[in-house]
Amino acid sequence: QVQLVESGGGLVQAGGSLRLSCAVSGLSFSAYAMGWFRQAPGKEREVVAAISWGGDTTFYTDSVKGRFAISRDNTKNTVSLQMNSLKPEDNGVYYCAVRGGVLRPPTTSKNEYYYWGQGTQVTVSS
């Protein structure tokens, strides 16, 4: 049974930082690309960042480039998202997800991610 458990969300003032973590179990973590997504109220879930199975390739949506950093530790089966210089528009529920297919490259399409965590709330106050 594949499980993803996110942690690290919370309330922070604009300009502050948060670090999200996602612990994954039930599959060979090092063989799968991973993604972080977010969903704001009334909006569709969107990709924030993605990372290849080996960690050598990353993707960021334009709005977070230079502020967020995705990383993974294949020895601990975790993927993290360091979020700096947070803005109110970063508000939302953040989800980590496993990209479908062994050794497939990361993708921005949420339909290609087969397993999802329960989400963690990030609230940025202005």
# chains A, B, ... in the order shown; residues from 1 in each chain; ligands from 1
>>> residues_around(residues="stretch 25-41 of chain A", least_positions_apart="3", cutoff="8 Å", atoms="only C-alpha atoms", output="MDAnalysis selection string")
chainID A and resid 1:4 44:54 74 77 79 81 91:106 113
>>> write_last_selection(atoms="C-alpha atoms", output="PDB file, in the first residue's frame")
ATOM      1  CA  GLN A   1       0.000   0.000   0.000  1.00  0.00           C
ATOM      2  CA  VAL A   2       1.496   3.300  -1.106  1.00  0.00           C
ATOM      3  CA  GLN A   3       1.354   6.077   1.463  1.00  0.00           C
ATOM      4  CA  LEU A   4       2.441   9.698   1.312  1.00  0.00           C
ATOM      5  CA  GLU A  44      -7.611  23.947  -9.896  1.00  0.00           C
ATOM      6  CA  ARG A  45      -4.729  21.997  -8.459  1.00  0.00           C
ATOM      7  CA  GLU A  46      -1.528  23.196 -10.083  1.00  0.00           C
ATOM      8  CA  VAL A  47       2.030  21.957 -10.190  1.00  0.00           C
ATOM      9  CA  VAL A  48       4.515  23.884  -8.069  1.00  0.00           C
ATOM     10  CA  ALA A  49       7.688  21.847  -8.531  1.00  0.00           C
ATOM     11  CA  ALA A  50       8.813  18.432  -9.682  1.00  0.00           C
ATOM     12  CA  ILE A  51      11.985  16.395  -9.385  1.00  0.00           C
ATOM     13  CA  SER A  52      13.365  13.422 -11.261  1.00  0.00           C
ATOM     14  CA  TRP A  53      13.853  10.036  -9.661  1.00  0.00           C
ATOM     15  CA  GLY A  54      17.594  10.679  -9.318  1.00  0.00           C
ATOM     16  CA  ASN A  74      16.377   8.608  -1.585  1.00  0.00           C
ATOM     17  CA  ASN A  77      12.264   8.133   1.069  1.00  0.00           C
ATOM     18  CA  VAL A  79      10.862  14.750  -0.790  1.00  0.00           C
ATOM     19  CA  LEU A  81       9.907  21.756  -0.650  1.00  0.00           C
ATOM     20  CA  ASN A  91      -1.781  30.213  -0.016  1.00  0.00           C
ATOM     21  CA  GLY A  92      -3.319  26.799  -0.509  1.00  0.00           C
ATOM     22  CA  VAL A  93      -3.237  23.144   0.319  1.00  0.00           C
ATOM     23  CA  TYR A  94       0.026  21.598  -0.779  1.00  0.00           C
ATOM     24  CA  TYR A  95       0.180  18.000  -1.945  1.00  0.00           C
ATOM     25  CA  CYS A  96       3.072  15.739  -2.766  1.00  0.00           C
ATOM     26  CA  ALA A  97       2.546  13.118  -5.430  1.00  0.00           C
ATOM     27  CA  VAL A  98       4.269  10.170  -7.078  1.00  0.00           C
ATOM     28  CA  ARG A  99       4.638  10.304 -10.825  1.00  0.00           C
ATOM     29  CA  GLY A 100       3.336   7.142 -12.465  1.00  0.00           C
ATOM     30  CA  GLY A 101       5.826   4.795 -14.118  1.00  0.00           C
ATOM     31  CA  VAL A 102       9.215   3.552 -13.012  1.00  0.00           C
ATOM     32  CA  LEU A 103      12.120   5.812 -14.082  1.00  0.00           C
ATOM     33  CA  ARG A 104       9.793   8.161 -15.970  1.00  0.00           C
ATOM     34  CA  PRO A 105      10.821  11.823 -16.159  1.00  0.00           C
ATOM     35  CA  PRO A 106       8.983  14.416 -14.087  1.00  0.00           C
ATOM     36  CA  TYR A 113       0.752  11.427 -10.876  1.00  0.00           C
TER      37      TYR A 113
END
>>> select_by_dssp(residues="chain A", states="strand (DSSP E or B)", output="PDB file with N, CA, C and O atoms, in the first residue's frame")
ATOM      1  N   GLN A   3       1.794   5.002   0.572  1.00  0.00           N
ATOM      2  CA  GLN A   3       1.354   6.077   1.463  1.00  0.00           C
ATOM      3  C   GLN A   3       2.284   7.273   1.327  1.00  0.00           C
ATOM      4  O   GLN A   3       3.506   7.110   1.232  1.00  0.00           O
ATOM      5  N   LEU A   4       1.696   8.444   1.319  1.00  0.00           N
ATOM      6  CA  LEU A   4       2.441   9.698   1.312  1.00  0.00           C
ATOM      7  C   LEU A   4       1.901  10.549   2.455  1.00  0.00           C
ATOM      8  O   LEU A   4       0.687  10.742   2.563  1.00  0.00           O
ATOM      9  N   VAL A   5       2.799  11.039   3.281  1.00  0.00           N
ATOM     10  CA  VAL A   5       2.396  11.835   4.429  1.00  0.00           C
ATOM     11  C   VAL A   5       3.174  13.149   4.400  1.00  0.00           C
ATOM     12  O   VAL A   5       4.397  13.160   4.557  1.00  0.00           O
ATOM     13  N   GLU A   6       2.430  14.242   4.193  1.00  0.00           N
ATOM     14  CA  GLU A   6       3.048  15.563   4.179  1.00  0.00           C
ATOM     15  C   GLU A   6       3.084  16.160   5.579  1.00  0.00           C
ATOM     16  O   GLU A   6       2.228  15.847   6.424  1.00  0.00           O
ATOM     17  N   SER A   7       4.034  17.042   5.791  1.00  0.00           N
ATOM     18  CA  SER A   7       4.126  17.786   7.045  1.00  0.00           C
ATOM     19  C   SER A   7       4.826  19.108   6.766  1.00  0.00           C
ATOM     20  O   SER A   7       5.448  19.287   5.714  1.00  0.00           O
ATOM     21  N   GLY A  10       1.636  25.463   7.640  1.00  0.00           N
ATOM     22  CA  GLY A  10       1.288  26.318   8.765  1.00  0.00           C
ATOM     23  C   GLY A  10       1.002  27.727   8.327  1.00  0.00           C
ATOM     24  O   GLY A  10       0.801  28.001   7.136  1.00  0.00           O
ATOM     25  N   LEU A  11       0.983  28.607   9.317  1.00  0.00           N
ATOM     26  CA  LEU A  11       0.705  30.027   9.102  1.00  0.00           C
ATOM     27  C   LEU A  11       2.012  30.798   9.199  1.00  0.00           C
ATOM     28  O   LEU A  11       2.771  30.628  10.159  1.00  0.00           O
ATOM     29  N   VAL A  12       2.254  31.649   8.209  1.00  0.00           N
ATOM     30  CA  VAL A  12       3.478  32.433   8.197  1.00  0.00           C
ATOM     31  C   VAL A  12       3.182  33.797   7.617  1.00  0.00           C
ATOM     32  O   VAL A  12       2.258  33.947   6.800  1.00  0.00           O
ATOM     33  N   GLN A  13       3.943  34.790   8.032  1.00  0.00           N
ATOM     34  CA  GLN A  13       3.778  36.122   7.475  1.00  0.00           C
ATOM     35  C   GLN A  13       4.440  36.209   6.100  1.00  0.00           C
ATOM     36  O   GLN A  13       5.387  35.467   5.801  1.00  0.00           O
ATOM     37  N   LEU A  18       8.808  28.428   4.931  1.00  0.00           N
ATOM     38  CA  LEU A  18       8.324  27.151   5.436  1.00  0.00           C
ATOM     39  C   LEU A  18       9.033  26.048   4.678  1.00  0.00           C
ATOM     40  O   LEU A  18       9.413  26.235   3.514  1.00  0.00           O
ATOM     41  N   ARG A  19       9.155  24.905   5.325  1.00  0.00           N
ATOM     42  CA  ARG A  19       9.718  23.733   4.656  1.00  0.00           C
ATOM     43  C   ARG A  19       8.718  22.591   4.771  1.00  0.00           C
ATOM     44  O   ARG A  19       8.381  22.166   5.880  1.00  0.00           O
ATOM     45  N   LEU A  20       8.255  22.133   3.636  1.00  0.00           N
ATOM     46  CA  LEU A  20       7.337  20.994   3.587  1.00  0.00           C
ATOM     47  C   LEU A  20       8.132  19.720   3.360  1.00  0.00           C
ATOM     48  O   LEU A  20       9.101  19.706   2.611  1.00  0.00           O
ATOM     49  N   SER A  21       7.684  18.654   3.997  1.00  0.00           N
ATOM     50  CA  SER A  21       8.285  17.344   3.796  1.00  0.00           C
ATOM     51  C   SER A  21       7.214  16.330   3.474  1.00  0.00           C
ATOM     52  O   SER A  21       6.061  16.484   3.887  1.00  0.00           O
ATOM     53  N   CYS A  22       7.617  15.316   2.756  1.00  0.00           N
ATOM     54  CA  CYS A  22       6.679  14.253   2.376  1.00  0.00           C
ATOM     55  C   CYS A  22       7.407  12.924   2.521  1.00  0.00           C
ATOM     56  O   CYS A  22       8.443  12.703   1.869  1.00  0.00           O
ATOM     57  N   ALA A  23       6.876  12.082   3.377  1.00  0.00           N
ATOM     58  CA  ALA A  23       7.448  10.760   3.580  1.00  0.00           C
ATOM     59  C   ALA A  23       6.644   9.745   2.776  1.00  0.00           C
ATOM     60  O   ALA A  23       5.414   9.726   2.862  1.00  0.00           O
ATOM     61  N   VAL A  24       7.340   8.938   2.007  1.00  0.00           N
ATOM     62  CA  VAL A  24       6.693   8.002   1.087  1.00  0.00           C
ATOM     63  C   VAL A  24       7.040   6.576   1.475  1.00  0.00           C
ATOM     64  O   VAL A  24       8.195   6.268   1.789  1.00  0.00           O
ATOM     65  N   SER A  25       6.055   5.708   1.448  1.00  0.00           N
ATOM     66  CA  SER A  25       6.293   4.293   1.723  1.00  0.00           C
ATOM     67  C   SER A  25       5.443   3.454   0.790  1.00  0.00           C
ATOM     68  O   SER A  25       4.476   3.937   0.192  1.00  0.00           O
ATOM     69  N   MET A  34       8.877  12.784  -8.508  1.00  0.00           N
ATOM     70  CA  MET A  34       7.944  13.298  -7.506  1.00  0.00           C
ATOM     71  C   MET A  34       7.545  14.723  -7.849  1.00  0.00           C
ATOM     72  O   MET A  34       8.281  15.452  -8.513  1.00  0.00           O
ATOM     73  N   GLY A  35       6.386  15.111  -7.376  1.00  0.00           N
ATOM     74  CA  GLY A  35       5.934  16.470  -7.593  1.00  0.00           C
ATOM     75  C   GLY A  35       5.281  17.053  -6.361  1.00  0.00           C
ATOM     76  O   GLY A  35       4.792  16.322  -5.492  1.00  0.00           O
ATOM     77  N   TRP A  36       5.312  18.375  -6.296  1.00  0.00           N
ATOM     78  CA  TRP A  36       4.537  19.129  -5.308  1.00  0.00           C
ATOM     79  C   TRP A  36       3.502  19.949  -6.075  1.00  0.00           C
ATOM     80  O   TRP A  36       3.836  20.615  -7.061  1.00  0.00           O
ATOM     81  N   PHE A  37       2.278  19.898  -5.596  1.00  0.00           N
ATOM     82  CA  PHE A  37       1.170  20.630  -6.191  1.00  0.00           C
ATOM     83  C   PHE A  37       0.519  21.474  -5.109  1.00  0.00           C
ATOM     84  O   PHE A  37       0.708  21.235  -3.911  1.00  0.00           O
ATOM     85  N   ARG A  38      -0.260  22.447  -5.523  1.00  0.00           N
ATOM     86  CA  ARG A  38      -1.031  23.220  -4.562  1.00  0.00           C
ATOM     87  C   ARG A  38      -2.396  23.523  -5.155  1.00  0.00           C
ATOM     88  O   ARG A  38      -2.573  23.591  -6.371  1.00  0.00           O
ATOM     89  N   GLN A  39      -3.338  23.725  -4.243  1.00  0.00           N
ATOM     90  CA  GLN A  39      -4.691  24.057  -4.651  1.00  0.00           C
ATOM     91  C   GLN A  39      -5.226  25.145  -3.749  1.00  0.00           C
ATOM     92  O   GLN A  39      -5.351  24.942  -2.537  1.00  0.00           O
ATOM     93  N   GLU A  46      -2.574  22.854  -9.136  1.00  0.00           N
ATOM     94  CA  GLU A  46      -1.528  23.196 -10.083  1.00  0.00           C
ATOM     95  C   GLU A  46      -0.173  22.688  -9.587  1.00  0.00           C
ATOM     96  O   GLU A  46       0.068  22.591  -8.385  1.00  0.00           O
ATOM     97  N   VAL A  47       0.695  22.399 -10.548  1.00  0.00           N
ATOM     98  CA  VAL A  47       2.030  21.957 -10.190  1.00  0.00           C
ATOM     99  C   VAL A  47       2.830  23.140  -9.652  1.00  0.00           C
ATOM    100  O   VAL A  47       2.707  24.265 -10.131  1.00  0.00           O
ATOM    101  N   VAL A  48       3.613  22.885  -8.623  1.00  0.00           N
ATOM    102  CA  VAL A  48       4.515  23.884  -8.069  1.00  0.00           C
ATOM    103  C   VAL A  48       5.954  23.547  -8.455  1.00  0.00           C
ATOM    104  O   VAL A  48       6.701  24.396  -8.938  1.00  0.00           O
ATOM    105  N   ALA A  49       6.321  22.286  -8.240  1.00  0.00           N
ATOM    106  CA  ALA A  49       7.688  21.847  -8.531  1.00  0.00           C
ATOM    107  C   ALA A  49       7.674  20.341  -8.736  1.00  0.00           C
ATOM    108  O   ALA A  49       6.790  19.639  -8.244  1.00  0.00           O
ATOM    109  N   ALA A  50       8.678  19.868  -9.461  1.00  0.00           N
ATOM    110  CA  ALA A  50       8.813  18.432  -9.682  1.00  0.00           C
ATOM    111  C   ALA A  50      10.297  18.093  -9.730  1.00  0.00           C
ATOM    112  O   ALA A  50      11.138  18.945 -10.032  1.00  0.00           O
ATOM    113  N   ILE A  51      10.587  16.823  -9.434  1.00  0.00           N
ATOM    114  CA  ILE A  51      11.985  16.395  -9.385  1.00  0.00           C
ATOM    115  C   ILE A  51      12.086  14.985  -9.940  1.00  0.00           C
ATOM    116  O   ILE A  51      11.198  14.152  -9.734  1.00  0.00           O
ATOM    117  N   THR A  58      15.015  19.201 -12.114  1.00  0.00           N
ATOM    118  CA  THR A  58      13.920  19.814 -11.379  1.00  0.00           C
ATOM    119  C   THR A  58      13.140  20.748 -12.297  1.00  0.00           C
ATOM    120  O   THR A  58      13.634  21.219 -13.316  1.00  0.00           O
ATOM    121  N   PHE A  59      11.911  20.983 -11.907  1.00  0.00           N
ATOM    122  CA  PHE A  59      11.026  21.900 -12.616  1.00  0.00           C
ATOM    123  C   PHE A  59      10.342  22.773 -11.586  1.00  0.00           C
ATOM    124  O   PHE A  59       9.971  22.313 -10.505  1.00  0.00           O
ATOM    125  N   TYR A  60      10.140  24.053 -11.942  1.00  0.00           N
ATOM    126  CA  TYR A  60       9.392  24.980 -11.089  1.00  0.00           C
ATOM    127  C   TYR A  60       8.422  25.774 -11.944  1.00  0.00           C
ATOM    128  O   TYR A  60       8.771  26.216 -13.046  1.00  0.00           O
ATOM    129  N   PHE A  68      11.385  28.931  -4.274  1.00  0.00           N
ATOM    130  CA  PHE A  68      11.158  27.571  -3.777  1.00  0.00           C
ATOM    131  C   PHE A  68      12.256  26.643  -4.277  1.00  0.00           C
ATOM    132  O   PHE A  68      12.824  26.851  -5.363  1.00  0.00           O
ATOM    133  N   ALA A  69      12.528  25.593  -3.514  1.00  0.00           N
ATOM    134  CA  ALA A  69      13.503  24.589  -3.924  1.00  0.00           C
ATOM    135  C   ALA A  69      12.996  23.205  -3.545  1.00  0.00           C
ATOM    136  O   ALA A  69      12.669  22.967  -2.378  1.00  0.00           O
ATOM    137  N   ILE A  70      12.927  22.337  -4.531  1.00  0.00           N
ATOM    138  CA  ILE A  70      12.525  20.957  -4.287  1.00  0.00           C
ATOM    139  C   ILE A  70      13.777  20.091  -4.167  1.00  0.00           C
ATOM    140  O   ILE A  70      14.776  20.314  -4.863  1.00  0.00           O
ATOM    141  N   SER A  71      13.722  19.119  -3.272  1.00  0.00           N
ATOM    142  CA  SER A  71      14.841  18.204  -3.097  1.00  0.00           C
ATOM    143  C   SER A  71      14.293  16.858  -2.636  1.00  0.00           C
ATOM    144  O   SER A  71      13.141  16.755  -2.217  1.00  0.00           O
ATOM    145  N   ARG A  72      15.148  15.853  -2.718  1.00  0.00           N
ATOM    146  CA  ARG A  72      14.729  14.529  -2.267  1.00  0.00           C
ATOM    147  C   ARG A  72      15.906  13.817  -1.630  1.00  0.00           C
ATOM    148  O   ARG A  72      17.066  14.092  -1.951  1.00  0.00           O
ATOM    149  N   ASP A  73      15.578  12.912  -0.733  1.00  0.00           N
ATOM    150  CA  ASP A  73      16.568  12.065  -0.085  1.00  0.00           C
ATOM    151  C   ASP A  73      16.129  10.626  -0.304  1.00  0.00           C
ATOM    152  O   ASP A  73      15.201  10.139   0.361  1.00  0.00           O
ATOM    153  N   THR A  78      12.116  10.530   1.233  1.00  0.00           N
ATOM    154  CA  THR A  78      11.426  11.783   1.471  1.00  0.00           C
ATOM    155  C   THR A  78      11.691  12.774   0.335  1.00  0.00           C
ATOM    156  O   THR A  78      12.741  12.741  -0.311  1.00  0.00           O
ATOM    157  N   VAL A  79      10.715  13.631   0.132  1.00  0.00           N
ATOM    158  CA  VAL A  79      10.862  14.750  -0.790  1.00  0.00           C
ATOM    159  C   VAL A  79      10.451  16.006  -0.028  1.00  0.00           C
ATOM    160  O   VAL A  79       9.515  15.968   0.775  1.00  0.00           O
ATOM    161  N   SER A  80      11.170  17.090  -0.252  1.00  0.00           N
ATOM    162  CA  SER A  80      10.934  18.312   0.500  1.00  0.00           C
ATOM    163  C   SER A  80      10.734  19.490  -0.438  1.00  0.00           C
ATOM    164  O   SER A  80      11.154  19.463  -1.603  1.00  0.00           O
ATOM    165  N   LEU A  81      10.094  20.508   0.085  1.00  0.00           N
ATOM    166  CA  LEU A  81       9.907  21.756  -0.650  1.00  0.00           C
ATOM    167  C   LEU A  81      10.241  22.896   0.297  1.00  0.00           C
ATOM    168  O   LEU A  81       9.499  23.150   1.250  1.00  0.00           O
ATOM    169  N   GLN A  82      11.361  23.552   0.053  1.00  0.00           N
ATOM    170  CA  GLN A  82      11.751  24.724   0.828  1.00  0.00           C
ATOM    171  C   GLN A  82      11.120  25.947   0.176  1.00  0.00           C
ATOM    172  O   GLN A  82      11.349  26.202  -1.009  1.00  0.00           O
ATOM    173  N   MET A  83      10.339  26.665   0.953  1.00  0.00           N
ATOM    174  CA  MET A  83       9.609  27.818   0.417  1.00  0.00           C
ATOM    175  C   MET A  83      10.080  29.078   1.134  1.00  0.00           C
ATOM    176  O   MET A  83       9.891  29.203   2.354  1.00  0.00           O
ATOM    177  N   GLY A  92      -2.634  27.957   0.042  1.00  0.00           N
ATOM    178  CA  GLY A  92      -3.319  26.799  -0.509  1.00  0.00           C
ATOM    179  C   GLY A  92      -2.974  25.535   0.238  1.00  0.00           C
ATOM    180  O   GLY A  92      -2.174  25.547   1.181  1.00  0.00           O
ATOM    181  N   VAL A  93      -3.585  24.462  -0.193  1.00  0.00           N
ATOM    182  CA  VAL A  93      -3.237  23.144   0.319  1.00  0.00           C
ATOM    183  C   VAL A  93      -2.182  22.561  -0.607  1.00  0.00           C
ATOM    184  O   VAL A  93      -2.366  22.529  -1.825  1.00  0.00           O
ATOM    185  N   TYR A  94      -1.099  22.129  -0.019  1.00  0.00           N
ATOM    186  CA  TYR A  94       0.026  21.598  -0.779  1.00  0.00           C
ATOM    187  C   TYR A  94       0.037  20.076  -0.690  1.00  0.00           C
ATOM    188  O   TYR A  94      -0.101  19.511   0.406  1.00  0.00           O
ATOM    189  N   TYR A  95       0.190  19.458  -1.847  1.00  0.00           N
ATOM    190  CA  TYR A  95       0.180  18.000  -1.945  1.00  0.00           C
ATOM    191  C   TYR A  95       1.479  17.507  -2.573  1.00  0.00           C
ATOM    192  O   TYR A  95       1.953  18.088  -3.552  1.00  0.00           O
ATOM    193  N   CYS A  96       2.003  16.421  -2.048  1.00  0.00           N
ATOM    194  CA  CYS A  96       3.072  15.739  -2.766  1.00  0.00           C
ATOM    195  C   CYS A  96       2.442  14.563  -3.516  1.00  0.00           C
ATOM    196  O   CYS A  96       1.383  14.054  -3.135  1.00  0.00           O
ATOM    197  N   ALA A  97       3.109  14.156  -4.592  1.00  0.00           N
ATOM    198  CA  ALA A  97       2.546  13.118  -5.430  1.00  0.00           C
ATOM    199  C   ALA A  97       3.650  12.326  -6.117  1.00  0.00           C
ATOM    200  O   ALA A  97       4.730  12.858  -6.400  1.00  0.00           O
ATOM    201  N   VAL A  98       3.346  11.070  -6.392  1.00  0.00           N
ATOM    202  CA  VAL A  98       4.269  10.170  -7.078  1.00  0.00           C
ATOM    203  C   VAL A  98       3.899  10.100  -8.552  1.00  0.00           C
ATOM    204  O   VAL A  98       2.748   9.779  -8.901  1.00  0.00           O
ATOM    205  N   ARG A  99       4.881  10.393  -9.385  1.00  0.00           N
ATOM    206  CA  ARG A  99       4.638  10.304 -10.825  1.00  0.00           C
ATOM    207  C   ARG A  99       4.535   8.839 -11.236  1.00  0.00           C
ATOM    208  O   ARG A  99       5.342   8.005 -10.831  1.00  0.00           O
ATOM    209  N   TYR A 113       0.338  11.759 -12.235  1.00  0.00           N
ATOM    210  CA  TYR A 113       0.752  11.427 -10.876  1.00  0.00           C
ATOM    211  C   TYR A 113      -0.305  10.500 -10.272  1.00  0.00           C
ATOM    212  O   TYR A 113      -1.486  10.840 -10.228  1.00  0.00           O
ATOM    213  N   TYR A 114       0.123   9.331  -9.829  1.00  0.00           N
ATOM    214  CA  TYR A 114      -0.819   8.281  -9.479  1.00  0.00           C
ATOM    215  C   TYR A 114      -1.126   8.207  -7.991  1.00  0.00           C
ATOM    216  O   TYR A 114      -2.191   7.696  -7.610  1.00  0.00           O
ATOM    217  N   TYR A 115      -0.209   8.645  -7.158  1.00  0.00           N
ATOM    218  CA  TYR A 115      -0.422   8.555  -5.727  1.00  0.00           C
ATOM    219  C   TYR A 115      -0.257   9.943  -5.121  1.00  0.00           C
ATOM    220  O   TYR A 115       0.666  10.682  -5.488  1.00  0.00           O
ATOM    221  N   TRP A 116      -1.136  10.244  -4.157  1.00  0.00           N
ATOM    222  CA  TRP A 116      -1.178  11.580  -3.576  1.00  0.00           C
ATOM    223  C   TRP A 116      -1.217  11.501  -2.062  1.00  0.00           C
ATOM    224  O   TRP A 116      -1.804  10.575  -1.483  1.00  0.00           O
ATOM    225  N   THR A 120      -1.258  19.464   3.007  1.00  0.00           N
ATOM    226  CA  THR A 120      -0.947  20.264   4.187  1.00  0.00           C
ATOM    227  C   THR A 120      -1.217  21.729   3.848  1.00  0.00           C
ATOM    228  O   THR A 120      -0.880  22.205   2.767  1.00  0.00           O
ATOM    229  N   GLN A 121      -1.861  22.421   4.766  1.00  0.00           N
ATOM    230  CA  GLN A 121      -2.292  23.789   4.518  1.00  0.00           C
ATOM    231  C   GLN A 121      -1.128  24.768   4.717  1.00  0.00           C
ATOM    232  O   GLN A 121      -0.414  24.705   5.723  1.00  0.00           O
ATOM    233  N   VAL A 122      -0.993  25.667   3.762  1.00  0.00           N
ATOM    234  CA  VAL A 122      -0.045  26.773   3.875  1.00  0.00           C
ATOM    235  C   VAL A 122      -0.833  28.069   3.805  1.00  0.00           C
ATOM    236  O   VAL A 122      -1.574  28.299   2.840  1.00  0.00           O
ATOM    237  N   THR A 123      -0.695  28.881   4.832  1.00  0.00           N
ATOM    238  CA  THR A 123      -1.392  30.161   4.880  1.00  0.00           C
ATOM    239  C   THR A 123      -0.366  31.265   5.081  1.00  0.00           C
ATOM    240  O   THR A 123       0.390  31.241   6.049  1.00  0.00           O
ATOM    241  N   VAL A 124      -0.368  32.214   4.155  1.00  0.00           N
ATOM    242  CA  VAL A 124       0.564  33.335   4.209  1.00  0.00           C
ATOM    243  C   VAL A 124      -0.246  34.599   4.453  1.00  0.00           C
ATOM    244  O   VAL A 124      -1.110  34.949   3.643  1.00  0.00           O
ATOM    245  N   SER A 125       0.028  35.254   5.550  1.00  0.00           N
ATOM    246  CA  SER A 125      -0.703  36.481   5.883  1.00  0.00           C
ATOM    247  C   SER A 125       0.055  37.694   5.373  1.00  0.00           C
ATOM    248  O   SER A 125       1.286  37.737   5.385  1.00  0.00           O
TER     249      SER A 125
END
>>> closest_residue(among="A:Thr61, A:Glu89, A:Gly42, A:Ser126", to="A:Thr108", atoms="only C-alpha atoms")
A:Thr61
>>> closest_residue(among="A:Gly117, A:Leu86, A:Thr107, A:Val64", to="A:Ala14", atoms="only C-alpha atoms")
A:Leu86
>>> atom_distance(atom1="atom CA of A:Glu112", atom2="atom CA of A:Ser63")
21.6 Å
>>> atom_distance(atom1="atom CA of A:Gly55", atom2="atom CA of A:Gly8")
20.9 Å
